[in-house]
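Okay, so here's the structure we're looking at.
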Amino acid sequence: MLTLENIVTDRGSKYAVSGGPCHSAKEAKAFLKELKRAKKYAKATHNTWGLICADGAIKNDDGESGAGMIILRMLEREEVQNQIVVVTRWYGGKHLGGDRFRHVQTAVRAYLDRL
């Protein structure tokens, strides 16, 4: 598992990105369970994720509407398969509007650049 913290900070919200090899929806569930063993990730406002595997394209917005699709589009564009990418957000008290999508992209890009 690769985790990059403090990718973006904006108006109190903080972003991190995590990921690793993943080949199915079942493995994605196990990956998230492992990630959330760290208390700070379990208490995060959103753990949005995407994965392209033999099961197809799978995503979960975890309350951050539209964020999972951004992750999937970036994985498709880079032709990354069997690699789960989780963008974590700790809400800082102020709405970010459309900037939140830009921050998700920045987090995913930081992860993909490390592959």
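Chains: A, B, ... in order of the structure tokens. Residues: from 1 per chain. Ligands: from 1, in order shown.
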Exercise for the section: For Gly20 (chain A), please output as a list in words all residues within 8 Å (counting only C-alpha atoms; exclusion window: fewer than 3 positions along the same chain). Expected result: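 The residues that qualify are Met1, Leu2, Gln83, Ile84 and Val85 of chain A.
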Q: Identify, on the basis of only C-alpha atoms, every residue whose closest approach to Ala54 (chain A) does not exceed 9 Å; exclude the query and any residue fewer than 3 positions from it along the same chain; express the result as number ranges by chain.
A: A: 23-24, 57, 81-82
Nearest to Asp113 (chain A), restricted to only C-alpha atoms and choosing among A:Ala25, A:Ala67, A:Leu51, A:Met74, comes out as A:Met74
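Distance check against Glu27 (chain A) using only C-alpha atoms: of A:Gly98, A:Val108, A:Ser65, A:Ile58, the minimum falls on A:Ile58.
Residue nearest Leu96 (chain A), chosen from A:Gly19, A:Glu64, A:Lys43, A:Leu35 and counting only C-alpha atoms: A:Glu64.
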Between A:Asn60, A:His103, A:Val80, A:Asn6, smallest distance to Cys22 (chain A) by only C-alpha atoms belongs to A:Val80
For Leu72 (chain A), list every protein, DNA or RNA residue within 6 Å, evaluated using only C-alpha atoms, and leave out those in the same chain fewer than 3 positions away; present the list as a CSV table (one decimal) with C-alpha atoms, in the first residue's frame.
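This is the output file part_34.csv:
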```csv
chain,number,residue,atom,x,y,z
A,50,GLY,CA,-12.0,3.8,-8.1
A,69,MET,CA,-16.0,9.0,-11.7
A,75,LEU,CA,-7.3,5.4,-14.5
```
(message) Residues of chain A classed as helix (DSSP H, G or I) by DSSP on the backbone are to be reported as a VMD selection string.
(response) chain A and resid 25 to 35 39 to 42 67 to 77 99 to 114
